[in-house]
>>> print(open('protein_17.pdb').read())   # PDB, C-alpha atoms
MODEL        1
ATOM      1  CA  MET A 580      13.693-132.382-182.063
ATOM      2  CA  THR A 581      16.464-132.835-179.494
ATOM      3  CA  VAL A 582      14.298-131.269-176.789
ATOM      4  CA  VAL A 583      11.486-133.778-177.386
ATOM      5  CA  LEU A 584      13.897-136.726-177.317
ATOM      6  CA  VAL A 585      15.482-135.502-174.090
ATOM      7  CA  ILE A 586      12.077-134.991-172.465
ATOM      8  CA  GLY A 587      10.993-138.485-173.533
ATOM      9  CA  ALA A 588      14.148-140.029-172.111
ATOM     10  CA  ALA A 589      13.705-138.050-168.879
ATOM     11  CA  LEU A 590      10.135-139.312-168.474
ATOM     12  CA  VAL A 591      11.237-142.916-168.951
ATOM     13  CA  PHE A 592      14.010-142.409-166.403
ATOM     14  CA  ALA A 593      11.579-140.823-163.929
ATOM     15  CA  CYS A 594       9.117-143.732-164.268
ATOM     16  CA  VAL A 595      11.847-146.309-163.696
ATOM     17  CA  MET A 596      13.187-144.451-160.654
ATOM     18  CA  GLY A 597       9.635-144.093-159.301
ATOM     19  CA  LEU A 598       9.066-147.839-159.539
ATOM     20  CA  LEU A 599      12.402-148.433-157.826
ATOM     21  CA  VAL A 600      11.381-146.209-154.926
ATOM     22  CA  VAL A 601       8.058-148.041-154.580
ATOM     23  CA  VAL A 602       9.777-151.409-154.553
ATOM     24  CA  VAL A 603      12.385-150.350-151.976
ATOM     25  CA  TRP A 604      10.091-148.502-149.558
ATOM     26  CA  ARG A 605       6.924-150.589-149.915
ATOM     27  CA  ARG A 606       8.069-154.162-150.032
ATOM     28  CA  PRO A 607       5.179-156.553-150.670
ATOM     29  CA  ALA A 608       4.056-158.704-147.756
ATOM     30  CA  GLN A 609       4.381-161.749-149.954
ATOM     31  CA  PRO A 610       6.995-162.409-152.642
ATOM     32  CA  LEU A 611       5.857-162.146-156.264
ATOM     33  CA  THR A 612       4.685-165.285-157.927
ATOM     34  CA  ARG A 613       6.455-166.441-161.018
ATOM     35  CA  ARG A 614       3.492-165.334-163.145
ATOM     36  CA  ARG A 615       3.432-161.808-161.683
ATOM     37  CA  ALA A 616       7.194-161.489-162.004
ATOM     38  CA  ALA A 617       6.996-162.538-165.652
ATOM     39  CA  ALA A 618       4.238-159.970-166.235
ATOM     40  CA  TRP A 619       6.415-157.172-164.756
ATOM     41  CA  VAL A 620       9.392-158.222-166.869
ATOM     42  CA  LEU A 621       7.305-158.422-170.045
ATOM     43  CA  GLY A 622       5.412-155.188-169.434
ATOM     44  CA  GLY A 623       8.169-153.033-167.937
ATOM     45  CA  GLY A 624      11.178-154.550-169.651
ATOM     46  CA  VAL A 625       9.846-155.259-173.147
ATOM     47  CA  LEU A 626       6.502-153.663-174.015
ATOM     48  CA  PHE A 627       6.990-150.282-172.315
ATOM     49  CA  PRO A 628      10.477-149.610-173.829
ATOM     50  CA  ALA A 629       9.304-150.875-177.237
ATOM     51  CA  VAL A 630       6.304-148.511-177.305
ATOM     52  CA  VAL A 631       8.228-145.469-176.046
ATOM     53  CA  LEU A 632      11.297-145.991-178.247
ATOM     54  CA  SER A 633       9.147-146.699-181.320
ATOM     55  CA  ALA A 634       7.251-143.452-180.759
ATOM     56  CA  LEU A 635      10.491-141.490-180.377
ATOM     57  CA  LEU A 636      11.959-143.195-183.457
ATOM     58  CA  ALA A 637       8.908-142.313-185.549
ATOM     59  CA  TYR A 638       9.037-138.707-184.345
ATOM     60  CA  ALA A 639      12.759-138.427-185.120
ATOM     61  CA  ALA A 640      12.255-139.934-188.593
ATOM     62  CA  VAL A 641       9.511-137.417-189.431
ATOM     63  CA  ARG A 642      11.455-134.430-188.124
ATOM     64  CA  SER A 643      14.679-135.548-189.828
ATOM     65  CA  GLY A 644      13.073-135.478-193.265
ATOM     66  CA  PRO A 645      14.035-131.854-193.987
ATOM     67  CA  LEU A 646      17.682-132.754-193.350
ATOM     68  CA  ALA A 647      17.653-134.552-196.702
ATOM     69  CA  GLY A 648      17.869-131.068-198.174
ATOM     70  CA  THR A 649      21.489-130.925-197.067
ATOM     71  CA  GLN A 650      22.363-133.189-199.996
ATOM     72  CA  ARG A 651      23.399-131.760-203.346
ATOM     73  CA  ALA A 652      20.627-130.847-205.771
ATOM     74  CA  ARG A 653      20.893-130.529-209.557
ATOM     75  CA  GLY A 654      22.131-127.089-210.531
ATOM     76  CA  ASP A 655      23.827-126.283-207.219
ATOM     77  CA  MET A 656      27.165-124.549-207.317
ATOM     78  CA  VAL A 657      29.732-126.930-205.812
ATOM     79  CA  VAL A 658      32.565-125.765-203.567
ATOM     80  CA  GLY A 659      35.210-128.243-202.435
ATOM     81  CA  ILE A 660      36.603-127.671-198.954
ATOM     82  CA  THR A 661      39.527-129.716-197.648
ATOM     83  CA  ALA A 662      40.642-129.404-194.039
ATOM     84  CA  HIS A 663      44.355-129.450-193.201
ATOM     85  CA  MET A 664      46.226-129.029-189.944
ATOM     86  CA  TRP A 665      45.360-126.121-189.390
ATOM     87  CA  TRP A 666      43.881-124.362-192.395
ATOM     88  CA  TRP A 667      41.186-124.771-195.059
ATOM     89  CA  GLU A 668      41.700-125.326-198.775
ATOM     90  CA  VAL A 669      38.792-124.035-200.873
ATOM     91  CA  ARG A 670      38.173-124.924-204.531
ATOM     92  CA  TYR A 671      35.727-123.399-207.025
ATOM     93  CA  ARG A 672      35.293-123.798-210.764
ATOM     94  CA  GLU A 673      34.754-120.614-212.737
ATOM     95  CA  PRO A 674      31.655-121.267-214.951
ATOM     96  CA  ALA A 675      32.668-119.327-218.067
ATOM     97  CA  SER A 676      36.195-120.673-218.491
ATOM     98  CA  GLY A 677      36.033-123.864-216.445
ATOM     99  CA  ARG A 678      39.231-122.845-214.656
ATOM    100  CA  GLU A 679      39.717-124.207-211.175
ATOM    101  CA  VAL A 680      40.023-121.510-208.538
ATOM    102  CA  VAL A 681      42.002-122.434-205.415
ATOM    103  CA  LEU A 682      41.758-120.293-202.277
ATOM    104  CA  ALA A 683      42.440-120.740-198.596
ATOM    105  CA  ASN A 684      40.600-120.014-195.353
ATOM    106  CA  GLU A 685      37.812-117.996-196.975
ATOM    107  CA  VAL A 686      34.547-118.972-198.695
ATOM    108  CA  ARG A 687      32.365-116.566-200.637
ATOM    109  CA  LEU A 688      28.772-117.339-201.593
ATOM    110  CA  PRO A 689      26.134-115.685-203.774
ATOM    111  CA  VAL A 690      23.085-114.546-201.801
ATOM    112  CA  GLY A 691      19.946-116.521-202.557
ATOM    113  CA  ARG A 692      21.723-119.317-204.441
ATOM    114  CA  ALA A 693      22.059-122.843-203.043
ATOM    115  CA  VAL A 694      25.640-124.045-202.677
ATOM    116  CA  SER A 695      26.776-127.612-202.037
ATOM    117  CA  PHE A 696      29.983-128.054-200.067
ATOM    118  CA  GLY A 697      32.044-131.185-200.679
ATOM    119  CA  LEU A 698      33.839-131.632-197.349
ATOM    120  CA  SER A 699      36.967-133.757-196.947
ATOM    121  CA  THR A 700      40.157-133.860-194.903
ATOM    122  CA  ALA A 701      43.791-134.328-195.852
ATOM    123  CA  ASP A 702      44.935-135.660-192.480
ATOM    124  CA  VAL A 703      43.007-136.128-189.205
ATOM    125  CA  ILE A 704      39.303-135.769-188.378
ATOM    126  CA  HIS A 705      38.095-132.169-188.551
ATOM    127  CA  SER A 706      34.599-130.714-188.385
ATOM    128  CA  PHE A 707      33.123-127.935-190.530
ATOM    129  CA  TRP A 708      30.810-125.588-188.634
ATOM    130  CA  VAL A 709      29.353-122.203-189.569
ATOM    131  CA  PRO A 710      26.656-121.768-186.876
ATOM    132  CA  GLN A 711      24.774-118.966-188.664
ATOM    133  CA  LEU A 712      24.369-121.034-191.843
ATOM    134  CA  ALA A 713      24.209-124.728-190.952
ATOM    135  CA  GLY A 714      24.985-127.412-188.402
ATOM    136  CA  LYS A 715      28.408-128.965-188.110
ATOM    137  CA  VAL A 716      29.565-131.829-190.317
ATOM    138  CA  ASP A 717      32.488-134.076-189.384
ATOM    139  CA  MET A 718      35.203-134.514-192.009
ATOM    140  CA  VAL A 719      36.511-138.075-191.888
ATOM    141  CA  PRO A 720      39.668-139.227-193.737
ATOM    142  CA  GLY A 721      38.879-141.102-196.937
ATOM    143  CA  ARG A 722      35.325-139.765-197.271
ATOM    144  CA  VAL A 723      33.620-136.762-198.884
ATOM    145  CA  HIS A 724      30.634-135.393-196.978
ATOM    146  CA  GLN A 725      28.063-133.022-198.425
ATOM    147  CA  LEU A 726      26.463-129.970-196.886
ATOM    148  CA  ARG A 727      23.966-127.778-198.718
ATOM    149  CA  VAL A 728      23.643-124.169-197.582
ATOM    150  CA  ARG A 729      21.950-120.997-198.721
ATOM    151  CA  ALA A 730      22.625-117.486-197.486
ATOM    152  CA  ASP A 731      19.509-115.327-197.684
ATOM    153  CA  ALA A 732      21.226-112.052-196.797
ATOM    154  CA  ALA A 733      24.619-110.509-197.435
ATOM    155  CA  GLY A 734      27.036-110.628-194.550
ATOM    156  CA  SER A 735      30.106-112.221-193.047
ATOM    157  CA  PHE A 736      29.888-115.388-190.958
ATOM    158  CA  ARG A 737      32.628-116.992-188.900
ATOM    159  CA  GLY A 738      33.218-120.703-189.270
ATOM    160  CA  GLN A 739      35.348-122.924-187.069
ATOM    161  CA  CYS A 740      36.750-126.416-186.890
ATOM    162  CA  ALA A 741      34.518-128.053-184.283
ATOM    163  CA  GLU A 742      36.471-131.283-183.756
ATOM    164  CA  TYR A 743      39.722-131.200-181.779
ATOM    165  CA  CYS A 744      42.482-131.755-184.327
ATOM    166  CA  GLY A 745      45.720-130.839-182.582
ATOM    167  CA  GLU A 746      47.725-128.003-181.121
ATOM    168  CA  GLN A 747      46.225-125.161-183.184
ATOM    169  CA  HIS A 748      42.636-126.417-183.345
ATOM    170  CA  ALA A 749      41.393-123.194-181.725
ATOM    171  CA  ARG A 750      43.069-121.108-184.460
ATOM    172  CA  MET A 751      41.490-122.955-187.377
ATOM    173  CA  ALA A 752      38.792-120.494-188.361
ATOM    174  CA  LEU A 753      37.050-119.902-191.677
ATOM    175  CA  GLN A 754      35.425-116.720-192.955
ATOM    176  CA  VAL A 755      32.253-117.127-195.027
ATOM    177  CA  VAL A 756      31.135-114.033-196.937
ATOM    178  CA  ALA A 757      27.725-113.868-198.641
ATOM    179  CA  MET A 758      27.642-111.392-201.551
ATOM    180  CA  PRO A 759      25.054-110.170-204.079
ATOM    181  CA  PRO A 760      25.121-112.559-207.085
ATOM    182  CA  ASP A 761      26.533-110.038-209.585
ATOM    183  CA  GLU A 762      29.271-109.027-207.171
ATOM    184  CA  PHE A 763      30.055-112.677-206.479
ATOM    185  CA  ASP A 764      30.337-113.483-210.188
ATOM    186  CA  ARG A 765      32.812-110.623-210.672
ATOM    187  CA  TRP A 766      34.785-111.759-207.637
ATOM    188  CA  LEU A 767      34.996-115.365-208.844
ATOM    189  CA  LEU A 768      36.100-114.272-212.324
ATOM    190  CA  ALA A 769      38.836-112.120-210.776
ATOM    191  CA  GLN A 770      39.965-114.963-208.515
ATOM    192  CA  SER A 771      40.269-117.293-211.514
ATOM    193  CA  GLN A 772      42.848-115.036-213.161
ATOM    194  CA  PRO A 773      46.581-115.663-212.676
ATOM    195  CA  ALA A 774      48.606-113.283-210.551
ATOM    196  CA  GLN A 775      50.084-110.252-212.284
ATOM    197  CA  PRO A 776      53.844-109.605-212.113
ATOM    198  CA  PRO A 777      54.680-106.948-209.524
ATOM    199  CA  THR A 778      55.215-103.431-210.828
ATOM    200  CA  SER A 779      56.574-101.461-207.863
ATOM    201  CA  GLU A 780      60.207-101.775-206.864
ATOM    202  CA  PRO A 781      59.477-103.075-203.315
ATOM    203  CA  ALA A 782      57.115-105.712-204.734
ATOM    204  CA  ARG A 783      59.703-106.821-207.306
ATOM    205  CA  ARG A 784      62.232-107.125-204.494
ATOM    206  CA  GLY A 785      59.659-109.117-202.510
ATOM    207  CA  ARG A 786      59.174-111.517-205.412
ATOM    208  CA  GLN A 787      62.921-112.143-205.442
ATOM    209  CA  VAL A 788      62.870-112.843-201.697
ATOM    210  CA  PHE A 789      59.918-115.221-202.196
ATOM    211  CA  GLU A 790      61.895-117.166-204.780
ATOM    212  CA  GLN A 791      65.238-117.045-202.952
ATOM    213  CA  GLN A 792      63.690-118.378-199.734
ATOM    214  CA  ARG A 793      62.013-121.200-201.686
ATOM    215  CA  CYS A 794      58.529-120.176-200.553
ATOM    216  CA  ASN A 795      57.255-121.743-203.796
ATOM    217  CA  ALA A 796      58.328-125.138-202.444
ATOM    218  CA  CYS A 797      55.001-125.067-200.572
ATOM    219  CA  HIS A 798      52.952-122.155-201.959
ATOM    220  CA  ALA A 799      51.642-121.657-205.494
ATOM    221  CA  VAL A 800      51.146-118.233-207.046
ATOM    222  CA  ARG A 801      49.377-119.027-210.314
ATOM    223  CA  GLY A 802      51.082-117.329-213.229
ATOM    224  CA  LEU A 803      54.293-116.747-211.273
ATOM    225  CA  PHE A 804      55.167-119.830-209.193
ATOM    226  CA  GLU A 805      53.983-123.409-209.089
ATOM    227  CA  ALA A 806      53.933-125.171-205.713
ATOM    228  CA  GLY A 807      56.370-127.935-204.861
ATOM    229  CA  PRO A 808      55.531-131.266-203.190
ATOM    230  CA  GLY A 809      55.042-129.756-199.716
ATOM    231  CA  GLN A 810      51.940-127.874-200.803
ATOM    232  CA  GLY A 811      50.567-125.203-198.488
ATOM    233  CA  PRO A 812      47.831-122.607-199.046
ATOM    234  CA  ASP A 813      47.563-121.103-202.527
ATOM    235  CA  LEU A 814      48.734-117.452-202.420
ATOM    236  CA  THR A 815      47.635-116.289-205.879
ATOM    237  CA  HIS A 816      45.268-113.643-204.503
ATOM    238  CA  VAL A 817      46.253-113.719-200.840
ATOM    239  CA  GLY A 818      46.219-109.930-200.558
ATOM    240  CA  SER A 819      42.463-109.851-201.173
ATOM    241  CA  ARG A 820      41.667-112.100-198.219
ATOM    242  CA  LEU A 821      40.320-110.840-194.932
ATOM    243  CA  ALA A 822      42.717-112.653-192.612
ATOM    244  CA  LEU A 823      46.002-114.534-192.280
ATOM    245  CA  GLY A 824      46.653-117.977-190.838
ATOM    246  CA  ALA A 825      43.042-119.241-190.874
ATOM    247  CA  GLY A 826      41.641-116.239-189.047
ATOM    248  CA  THR A 827      44.621-115.727-186.756
ATOM    249  CA  LEU A 828      45.442-112.140-187.827
ATOM    250  CA  PRO A 829      43.623-109.500-189.918
ATOM    251  CA  MET A 830      45.162-108.927-193.338
ATOM    252  CA  ARG A 831      47.492-105.932-192.919
ATOM    253  CA  HIS A 832      51.048-105.142-193.986
ATOM    254  CA  GLU A 833      52.413-105.246-190.433
ATOM    255  CA  HIS A 834      50.672-108.558-189.811
ATOM    256  CA  LEU A 835      52.188-110.041-192.978
ATOM    257  CA  VAL A 836      55.612-109.013-191.698
ATOM    258  CA  ARG A 837      54.881-110.515-188.296
ATOM    259  CA  TRP A 838      53.449-113.730-189.749
ATOM    260  CA  VAL A 839      56.323-114.450-192.131
ATOM    261  CA  GLY A 840      59.028-113.326-189.738
ATOM    262  CA  ASN A 841      57.881-115.264-186.686
ATOM    263  CA  VAL A 842      54.989-117.538-187.521
ATOM    264  CA  GLN A 843      55.898-119.993-184.757
ATOM    265  CA  ALA A 844      55.352-117.290-182.145
ATOM    266  CA  VAL A 845      51.963-116.387-183.649
ATOM    267  CA  LYS A 846      50.727-119.935-184.315
ATOM    268  CA  PRO A 847      53.031-122.495-182.633
ATOM    269  CA  GLY A 848      53.120-125.830-184.419
ATOM    270  CA  ALA A 849      52.019-124.450-187.794
ATOM    271  CA  ARG A 850      53.722-126.291-190.631
ATOM    272  CA  MET A 851      55.655-123.257-191.759
ATOM    273  CA  PRO A 852      59.061-122.158-190.489
ATOM    274  CA  SER A 853      59.695-118.693-189.099
ATOM    275  CA  PHE A 854      61.842-116.562-191.419
ATOM    276  CA  ASP A 855      63.419-114.592-188.596
ATOM    277  CA  ARG A 856      66.751-114.835-190.401
ATOM    278  CA  LEU A 857      65.516-112.205-192.879
ATOM    279  CA  ASP A 858      66.292-108.553-192.240
ATOM    280  CA  ARG A 859      63.445-106.078-191.850
ATOM    281  CA  GLU A 860      63.916-104.638-195.346
ATOM    282  CA  SER A 861      63.483-108.088-196.916
ATOM    283  CA  LEU A 862      60.440-108.856-194.738
ATOM    284  CA  ASP A 863      58.850-105.543-195.700
ATOM    285  CA  ALA A 864      59.460-106.202-199.390
ATOM    286  CA  LEU A 865      58.027-109.716-199.126
ATOM    287  CA  ALA A 866      54.943-108.336-197.331
ATOM    288  CA  VAL A 867      54.451-105.739-200.080
ATOM    289  CA  PHE A 868      54.643-108.459-202.749
ATOM    290  CA  LEU A 869      52.102-110.644-200.947
ATOM    291  CA  GLY A 870      49.822-107.699-200.215
ATOM    292  CA  GLU A 871      49.712-106.763-203.913
ATOM    293  CA  LEU A 872      48.549-110.282-204.884
ATOM    294  CA  ARG A 873      44.910-109.317-205.279
TER     295      ARG A 873
ENDMDL
END
>>> encode(input="protein_17.pdb", output="structure tokens")
Amino acid sequence: MTVVLVIGAALVFACVMGLLVVVVWRRPAQPLTRRRAAAWVLGGGVLFPAVVLSALLAYAAVRSGPLAGTQRARGDMVVGITAHMWWWEVRYREPASGREVVLANEVRLPVGRAVSFGLSTADVIHSFWVPQLAGKVDMVPGRVHQLRVRADAAGSFRGQCAEYCGEQHARMALQVVAMPPDEFDRWLLAQSQPAQPPTSEPARRGRQVFEQQRCNACHAVRGLFEAGPGQGPDLTHVGSRLALGAGTLPMRHEHLVRWVGNVQAVKPGARMPSFDRLDRESLDALAVFLGELR
């Protein structure tokens, strides 16, 4: 559709420039009469633009019809996605229990099933864009936008904030994973469960460090810690995610240590302090605790 509109605009521009050249290089021997001047103004300035723009408008209206399918349909699974500086909050509702499932920076979809995203922002304007699944949709403060998608094959698709939103805009990625429906249902049921208390000694030590450093002032771990007023990403099942920091680092033990210990070197400006005051043993224990939250 864009190609046709651009071609139409280019043709109009070419016609206007052609007339300009004729007027400049072939000046009439006699000045135009008032009647002929009025005819040029009416034909070239009113009728011609009206006909061309009406045709392009009609074409755009016809071709834009399928875009109505981006709106939510009855029976769609709904996923709420809220953009923050610079991460994504993702909310599901588990069908059997009705429990709300809160994740971060990762969306999983059942293959072959339509899903409606409710897109909003908690701060500035962001833009949700997963090129392999759908076009981008701006996320404007105070509004909820809808985007309907359907993945027809299993796979992993990278999403990205497509509207400049500050210092770490480039590191605000989102992983979208399409899964077979049965596998997705099992995954969502597992994600709806609260976190289990750690069993290994390093993980128990890591839980103590988490509490001592007041990490729960911002991060919830359902079943173990509730988040305080400065809410950050939910960490209930953080160990099962593919990446850290909205796609900044792959999920590995050494990356957890690096992220917690010096987040401001990895993602400057992120709204999380670096815990470089912790010794390596404490950082390792904390990373083990977070890694076991699956």
>>> closest_atom_pairs(input="protein_17.pdb", of="region 751-863 of chain A", to="region 715-739 of chain A", cutoff="9 Å", atoms="all atoms listed in the file", output="Markdown table")
| residue | atom | partner | partner_atom | distance |
| --- | --- | --- | --- | --- |
| A:Met751 | CA | A:Gln739 | CA | 6.1 |
| A:Ala752 | CA | A:Gln739 | CA | 4.4 |
| A:Leu753 | CA | A:Gly738 | CA | 4.6 |
| A:Gln754 | CA | A:Arg737 | CA | 4.9 |
| A:Val755 | CA | A:Phe736 | CA | 5.0 |
| A:Val756 | CA | A:Ser735 | CA | 4.4 |
| A:Ala757 | CA | A:Ala733 | CA | 4.7 |
| A:Met758 | CA | A:Ala733 | CA | 5.2 |
| A:Pro759 | CA | A:Ala733 | CA | 6.7 |
>>> write_last_selection(input="protein_17.pdb", atoms="C-alpha atoms", output="PDB file, keeping the file's coordinate frame")
ATOM      1  CA  MET A 751      41.490-122.955-187.377  1.00  0.00           C
ATOM      2  CA  ALA A 752      38.792-120.494-188.361  1.00  0.00           C
ATOM      3  CA  LEU A 753      37.050-119.902-191.677  1.00  0.00           C
ATOM      4  CA  GLN A 754      35.425-116.720-192.955  1.00  0.00           C
ATOM      5  CA  VAL A 755      32.253-117.127-195.027  1.00  0.00           C
ATOM      6  CA  VAL A 756      31.135-114.033-196.937  1.00  0.00           C
ATOM      7  CA  ALA A 757      27.725-113.868-198.641  1.00  0.00           C
ATOM      8  CA  MET A 758      27.642-111.392-201.551  1.00  0.00           C
ATOM      9  CA  PRO A 759      25.054-110.170-204.079  1.00  0.00           C
TER      10      PRO A 759
END
>>> residues_near_point(input="protein_17.pdb", point="(12.3, -143.0, -179.8)", cutoff="12 Å", atoms="only C-alpha atoms", output="PyMOL selection string")
chain A and resi 580-581+583-588+591+627-642
>>> closest_residue(input="protein_17.pdb", among="A:Tyr743, A:Trp838, A:Phe854, A:Phe763", to="Met664 (chain A)", atoms="all atoms listed in the file")
A:Tyr743
>>> closest_atom_pairs(input="protein_17.pdb", of="region 651-691 of chain A", to="region 767-787 of chain A", cutoff="7 Å", atoms="all atoms listed in the file", output="CSV")
residue,atom,partner,partner_atom,distance
A:Glu673,CA,A:Leu768,CA,6.5
A:Arg678,CA,A:Ser771,CA,6.5
A:Glu679,CA,A:Ser771,CA,6.9
A:Val680,CA,A:Ser771,CA,5.2
>>> resolve_selection(input="protein_17.pdb", expression="the PyMOL selection byres ((chain A and resi 855) around 7)", output="ChimeraX atom specification")
/A:840-841,853-854,856-857
>>> atom_distance(input="protein_17.pdb", atom1="CA of Gly848 (chain A)", atom2="CA of Gln747 (chain A)")
7.0 Å
>>> atom_distance(input="protein_17.pdb", atom1="CA of Asp863 (chain A)", atom2="CA of Met830 (chain A)")
14.3 Å
>>> atom_distance(input="protein_17.pdb", atom1="CA of Ala799 (chain A)", atom2="CA of Thr815 (chain A)")
6.7 Å
>>> closest_residue(input="protein_17.pdb", among="A:Gly697, A:Met596, A:Glu833, A:Met851", to="His798 (chain A)", atoms="only C-alpha atoms")
A:Met851
>>> resolve_selection(input="protein_17.pdb", expression="the PyMOL selection byres ((chain A and resi 663) around 7)", output="list in words")
Thr661, Ala662, Met664, Trp665, Trp666, Trp667, Thr700, Ala701 and Asp702 of chain A
>>> closest_residue(input="protein_17.pdb", among="A:Val800, A:Val839, A:Leu828, A:Val595", to="Glu871 (chain A)", atoms="all atoms listed in the file")
A:Val800
>>> closest_residue(input="protein_17.pdb", among="A:Val625, A:Pro847, A:Arg873, A:Glu685", to="Ala825 (chain A)", atoms="all atoms listed in the file")
A:Glu685
>>> closest_residue(input="protein_17.pdb", among="A:Ala844, A:Ala849, A:Leu835, A:Val600", to="Ala866 (chain A)", atoms="all atoms listed in the file")
A:Leu835
>>> residues_around(input="protein_17.pdb", residues="Arg831 (chain A)", least_positions_apart="3", cutoff="12 Å", atoms="only C-alpha atoms", output="PDB file with C-alpha atoms, keeping the file's coordinate frame")
ATOM      1  CA  VAL A 817      46.253-113.719-200.840  1.00  0.00           C
ATOM      2  CA  GLY A 818      46.219-109.930-200.558  1.00  0.00           C
ATOM      3  CA  SER A 819      42.463-109.851-201.173  1.00  0.00           C
ATOM      4  CA  ARG A 820      41.667-112.100-198.219  1.00  0.00           C
ATOM      5  CA  LEU A 821      40.320-110.840-194.932  1.00  0.00           C
ATOM      6  CA  ALA A 822      42.717-112.653-192.612  1.00  0.00           C
ATOM      7  CA  LEU A 823      46.002-114.534-192.280  1.00  0.00           C
ATOM      8  CA  THR A 827      44.621-115.727-186.756  1.00  0.00           C
ATOM      9  CA  LEU A 828      45.442-112.140-187.827  1.00  0.00           C
ATOM     10  CA  HIS A 834      50.672-108.558-189.811  1.00  0.00           C
ATOM     11  CA  LEU A 835      52.188-110.041-192.978  1.00  0.00           C
ATOM     12  CA  VAL A 836      55.612-109.013-191.698  1.00  0.00           C
ATOM     13  CA  ARG A 837      54.881-110.515-188.296  1.00  0.00           C
ATOM     14  CA  TRP A 838      53.449-113.730-189.749  1.00  0.00           C
ATOM     15  CA  ASP A 863      58.850-105.543-195.700  1.00  0.00           C
ATOM     16  CA  ALA A 866      54.943-108.336-197.331  1.00  0.00           C
ATOM     17  CA  VAL A 867      54.451-105.739-200.080  1.00  0.00           C
ATOM     18  CA  LEU A 869      52.102-110.644-200.947  1.00  0.00           C
ATOM     19  CA  GLY A 870      49.822-107.699-200.215  1.00  0.00           C
ATOM     20  CA  GLU A 871      49.712-106.763-203.913  1.00  0.00           C
TER      21      GLU A 871
END
